[in-house]
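The structure appears right after this line, and notes come after that.
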Amino acid sequence: MCYSVGLVARNRPPRDGGSGPETDVSAMPNRSDLKRAGLKSTAPRLKILGMLEDNAARHVTAEDVYRALLETGEEIALATVYRVLTQFEQAGLIIRHNFEGGRSVFELNDESHHDHMVCVECGKVFEFVDKTIEKRQKHVARCAGFVMQDHSLYLYGVCQGMHANGRCSMKGDTGIIETSTQASS
């Protein structure tokens with residue numbers, strides 16, 4: 001059985017309340033979450049959290065965060081960025097993904113489940129949600145008598161742009177994809 005997968009990008013809405021796709025951002029970490037997580041609102045933490053909240057890319061490396069802050073004129077050490085990201089991860093504000101090749105990326109924890117496709121050529125990370133895959137994974141676990149607590153799915157391949165043109169056609173896209181699977185012959 002083959003599946004036809006329709007990909008629809010859904011961009012993260014602006015934090016300023018402006019018009020944008022309908023996505024609940026109330027679950028996204030924000031500055032008040034620092035206090036609830038037991039973290040003081042220090043300048044480095046606020047700067048890094050602000051960068052993560054405002055960045056169009058959902059998946060960033062520590063080096064991406066560092067470069068972005070330097071580009072805005074912030075004076076911060078790379079070691080501080082790593083330390084703060086680790087604190088955010090331990091507090092549950094962000095999620096660290098360790099992709100093949102030793103590459104770690106971070107994303108804000110919006111408490112929604114999704115899986116990832118990683119382009120092995122350009123490095124772009126795409127999120128996707130597929131209810132059929134989710135149901136199948138639960139079914140397999142249940143049939144095996146396995147009580148699933150959590151799971152993650154990473155697909156590695158080459159994105160459409162790299163495959164067709166040798167360059168990523170998704171640059172500037174947030175990399176969030178919703179799929180709808182339909183059986184086809």
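Following the order of the structure tokens, chains are lettered A, B, ..., residues in each are numbered from 1, and ligands are numbered from 1.
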Worksheet item: Got a sec: who's within 8 Å of region 34-49 of chain A, counting only C-alpha atoms, leaving out chain neighbours fewer than 4 positions off, as a PyMOL selection string?
Response: chain A and resi 30+53+65+69+76+80-81+84+91-92
Discussion item. Which residues are near region 115-127 of chain A? Cut-off 7 Å, only C-alpha atoms, ignore same chain within fewer than 2 positions. Put them as a ChimeraX atom specification.
Written reply: /A:59,129,152-159,162,168,175-177
Preceding selection exported with N, CA and C atoms as a CSV table (one decimal), in the first residue's frame:
```csv
chain,number,residue,atom,x,y,z
A,59,HIS,N,14.3,25.2,14.7
A,59,HIS,CA,15.4,24.3,15.2
A,59,HIS,C,16.7,25.0,15.0
A,129,VAL,N,3.4,16.1,11.2
A,129,VAL,CA,2.5,15.4,12.0
A,129,VAL,C,1.7,14.5,11.1
A,152,SER,N,9.9,9.1,19.5
A,152,SER,CA,10.3,10.1,18.5
A,152,SER,C,10.6,9.4,17.2
A,153,LEU,N,10.4,10.1,16.2
A,153,LEU,CA,10.6,9.5,14.8
A,153,LEU,C,11.4,10.5,14.0
A,154,TYR,N,12.6,10.1,13.6
A,154,TYR,CA,13.5,11.0,12.8
A,154,TYR,C,13.6,10.3,11.4
A,155,LEU,N,13.3,11.0,10.4
A,155,LEU,CA,13.5,10.5,9.0
A,155,LEU,C,14.7,11.3,8.4
A,156,TYR,N,15.7,10.6,7.8
A,156,TYR,CA,16.8,11.2,7.2
A,156,TYR,C,16.7,11.0,5.7
A,157,GLY,N,17.0,12.1,5.0
A,157,GLY,CA,16.9,12.0,3.5
A,157,GLY,C,17.4,13.3,2.9
A,158,VAL,N,16.9,13.5,1.7
A,158,VAL,CA,17.3,14.7,1.0
A,158,VAL,C,16.0,15.5,0.7
A,159,CYS,N,16.0,16.8,1.0
A,159,CYS,CA,14.8,17.6,0.8
A,159,CYS,C,14.6,17.8,-0.7
A,162,MET,N,17.1,20.2,-2.6
A,162,MET,CA,18.4,19.6,-2.8
A,162,MET,C,18.4,18.5,-3.8
A,168,CYS,N,18.7,24.0,-1.3
A,168,CYS,CA,17.5,23.9,-0.5
A,168,CYS,C,16.5,24.9,-0.9
A,175,GLY,N,9.9,25.2,8.4
A,175,GLY,CA,10.1,23.7,8.5
A,175,GLY,C,9.0,22.9,9.2
A,176,ILE,N,7.9,23.5,9.4
A,176,ILE,CA,6.8,22.8,10.0
A,176,ILE,C,5.8,22.3,8.9
A,177,ILE,N,5.6,21.0,8.9
A,177,ILE,CA,4.8,20.4,7.9
A,177,ILE,C,3.7,19.6,8.5
```
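The two atoms in question, CA of Ser104 (chain A) and CA of Asp130 (chain A), are spaced 23.7 Å apart.
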Worksheet item: Mind checking DSSP for region 45-84 of chain A and telling me the alpha helix (DSSP H) residues as an NGL selection string?
Response: :A and (45-54 or 62-71 or 78-84)
Would you mind exporting N, CA and C atoms of the selected residues as a PDB file, in the first residue's frame?
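Writing done, so here's out19.pdb:
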```pdb
ATOM      1  N   ARG A  45      19.846  34.891  30.032  1.00  0.00           N
ATOM      2  CA  ARG A  45      18.682  34.027  29.864  1.00  0.00           C
ATOM      3  C   ARG A  45      17.590  34.736  29.070  1.00  0.00           C
ATOM      4  N   LEU A  46      17.320  35.987  29.413  1.00  0.00           N
ATOM      5  CA  LEU A  46      16.291  36.748  28.705  1.00  0.00           C
ATOM      6  C   LEU A  46      16.654  36.954  27.237  1.00  0.00           C
ATOM      7  N   LYS A  47      17.922  37.231  26.961  1.00  0.00           N
ATOM      8  CA  LYS A  47      18.364  37.440  25.583  1.00  0.00           C
ATOM      9  C   LYS A  47      18.218  36.159  24.768  1.00  0.00           C
ATOM     10  N   ILE A  48      18.629  35.048  25.351  1.00  0.00           N
ATOM     11  CA  ILE A  48      18.565  33.771  24.630  1.00  0.00           C
ATOM     12  C   ILE A  48      17.116  33.332  24.447  1.00  0.00           C
ATOM     13  N   LEU A  49      16.301  33.465  25.480  1.00  0.00           N
ATOM     14  CA  LEU A  49      14.891  33.102  25.348  1.00  0.00           C
ATOM     15  C   LEU A  49      14.209  33.985  24.307  1.00  0.00           C
ATOM     16  N   GLY A  50      14.499  35.273  24.335  1.00  0.00           N
ATOM     17  CA  GLY A  50      13.938  36.187  23.343  1.00  0.00           C
ATOM     18  C   GLY A  50      14.349  35.810  21.932  1.00  0.00           C
ATOM     19  N   MET A  51      15.601  35.428  21.758  1.00  0.00           N
ATOM     20  CA  MET A  51      16.073  35.012  20.431  1.00  0.00           C
ATOM     21  C   MET A  51      15.344  33.758  19.971  1.00  0.00           C
ATOM     22  N   LEU A  52      15.153  32.795  20.875  1.00  0.00           N
ATOM     23  CA  LEU A  52      14.445  31.564  20.517  1.00  0.00           C
ATOM     24  C   LEU A  52      12.981  31.850  20.174  1.00  0.00           C
ATOM     25  N   GLU A  53      12.365  32.754  20.924  1.00  0.00           N
ATOM     26  CA  GLU A  53      10.966  33.096  20.675  1.00  0.00           C
ATOM     27  C   GLU A  53      10.778  33.831  19.356  1.00  0.00           C
ATOM     28  N   ASP A  54      11.727  34.701  19.008  1.00  0.00           N
ATOM     29  CA  ASP A  54      11.569  35.561  17.844  1.00  0.00           C
ATOM     30  C   ASP A  54      12.149  34.978  16.560  1.00  0.00           C
ATOM     31  N   ALA A  62      23.306  25.660  19.173  1.00  0.00           N
ATOM     32  CA  ALA A  62      23.846  26.645  20.108  1.00  0.00           C
ATOM     33  C   ALA A  62      24.642  27.695  19.341  1.00  0.00           C
ATOM     34  N   GLU A  63      25.349  27.255  18.302  1.00  0.00           N
ATOM     35  CA  GLU A  63      26.122  28.187  17.493  1.00  0.00           C
ATOM     36  C   GLU A  63      25.212  29.159  16.735  1.00  0.00           C
ATOM     37  N   ASP A  64      24.041  28.688  16.279  1.00  0.00           N
ATOM     38  CA  ASP A  64      23.070  29.572  15.630  1.00  0.00           C
ATOM     39  C   ASP A  64      22.614  30.660  16.592  1.00  0.00           C
ATOM     40  N   VAL A  65      22.319  30.269  17.823  1.00  0.00           N
ATOM     41  CA  VAL A  65      21.881  31.222  18.842  1.00  0.00           C
ATOM     42  C   VAL A  65      22.988  32.240  19.096  1.00  0.00           C
ATOM     43  N   TYR A  66      24.204  31.751  19.250  1.00  0.00           N
ATOM     44  CA  TYR A  66      25.360  32.605  19.504  1.00  0.00           C
ATOM     45  C   TYR A  66      25.551  33.619  18.376  1.00  0.00           C
ATOM     46  N   ARG A  67      25.542  33.134  17.126  1.00  0.00           N
ATOM     47  CA  ARG A  67      25.722  34.036  15.970  1.00  0.00           C
ATOM     48  C   ARG A  67      24.609  35.071  15.886  1.00  0.00           C
ATOM     49  N   ALA A  68      23.370  34.637  16.106  1.00  0.00           N
ATOM     50  CA  ALA A  68      22.230  35.560  16.031  1.00  0.00           C
ATOM     51  C   ALA A  68      22.354  36.660  17.079  1.00  0.00           C
ATOM     52  N   LEU A  69      22.773  36.302  18.269  1.00  0.00           N
ATOM     53  CA  LEU A  69      22.936  37.305  19.316  1.00  0.00           C
ATOM     54  C   LEU A  69      24.085  38.254  18.999  1.00  0.00           C
ATOM     55  N   LEU A  70      25.178  37.734  18.457  1.00  0.00           N
ATOM     56  CA  LEU A  70      26.292  38.603  18.072  1.00  0.00           C
ATOM     57  C   LEU A  70      25.878  39.580  16.974  1.00  0.00           C
ATOM     58  N   GLU A  71      25.056  39.092  16.031  1.00  0.00           N
ATOM     59  CA  GLU A  71      24.593  39.951  14.940  1.00  0.00           C
ATOM     60  C   GLU A  71      23.729  41.105  15.432  1.00  0.00           C
ATOM     61  N   LEU A  78      30.046  31.985  23.937  1.00  0.00           N
ATOM     62  CA  LEU A  78      29.452  30.736  23.462  1.00  0.00           C
ATOM     63  C   LEU A  78      29.207  29.781  24.630  1.00  0.00           C
ATOM     64  N   ALA A  79      30.114  29.763  25.606  1.00  0.00           N
ATOM     65  CA  ALA A  79      29.941  28.899  26.780  1.00  0.00           C
ATOM     66  C   ALA A  79      28.679  29.284  27.552  1.00  0.00           C
ATOM     67  N   THR A  80      28.369  30.568  27.600  1.00  0.00           N
ATOM     68  CA  THR A  80      27.151  31.025  28.281  1.00  0.00           C
ATOM     69  C   THR A  80      25.920  30.518  27.542  1.00  0.00           C
ATOM     70  N   VAL A  81      25.961  30.562  26.204  1.00  0.00           N
ATOM     71  CA  VAL A  81      24.840  30.072  25.406  1.00  0.00           C
ATOM     72  C   VAL A  81      24.608  28.595  25.694  1.00  0.00           C
ATOM     73  N   TYR A  82      25.672  27.790  25.678  1.00  0.00           N
ATOM     74  CA  TYR A  82      25.545  26.363  25.985  1.00  0.00           C
ATOM     75  C   TYR A  82      24.984  26.147  27.388  1.00  0.00           C
ATOM     76  N   ARG A  83      25.490  26.890  28.368  1.00  0.00           N
ATOM     77  CA  ARG A  83      25.048  26.733  29.753  1.00  0.00           C
ATOM     78  C   ARG A  83      23.561  27.073  29.892  1.00  0.00           C
ATOM     79  N   VAL A  84      23.135  28.194  29.285  1.00  0.00           N
ATOM     80  CA  VAL A  84      21.736  28.613  29.388  1.00  0.00           C
ATOM     81  C   VAL A  84      20.817  27.627  28.655  1.00  0.00           C
TER      82      VAL A  84
END
```
Contacts of Glu89 (chain A) within 10 Å, only C-alpha atoms, excl. fewer than 6 positions in-chain, as an mmCIF file with C-alpha atoms, in the first residue's frame:
```cif
data_model
loop_
_atom_site.group_PDB
_atom_site.id
_atom_site.type_symbol
_atom_site.label_atom_id
_atom_site.label_comp_id
_atom_site.auth_asym_id
_atom_site.auth_seq_id
_atom_site.Cartn_x
_atom_site.Cartn_y
_atom_site.Cartn_z
ATOM 1 C CA ARG A 83 25.048 26.733 29.753
ATOM 2 C CA ILE A 95 13.818 20.303 23.759
ATOM 3 C CA ARG A 96 17.203 19.096 22.538
ATOM 4 C CA PHE A 106 17.074 23.006 20.148
ATOM 5 C CA GLU A 107 13.440 24.039 19.836
ATOM 6 C CA LEU A 108 11.005 25.717 22.181
ATOM 7 C CA ASN A 109 8.834 23.201 23.983
#
```
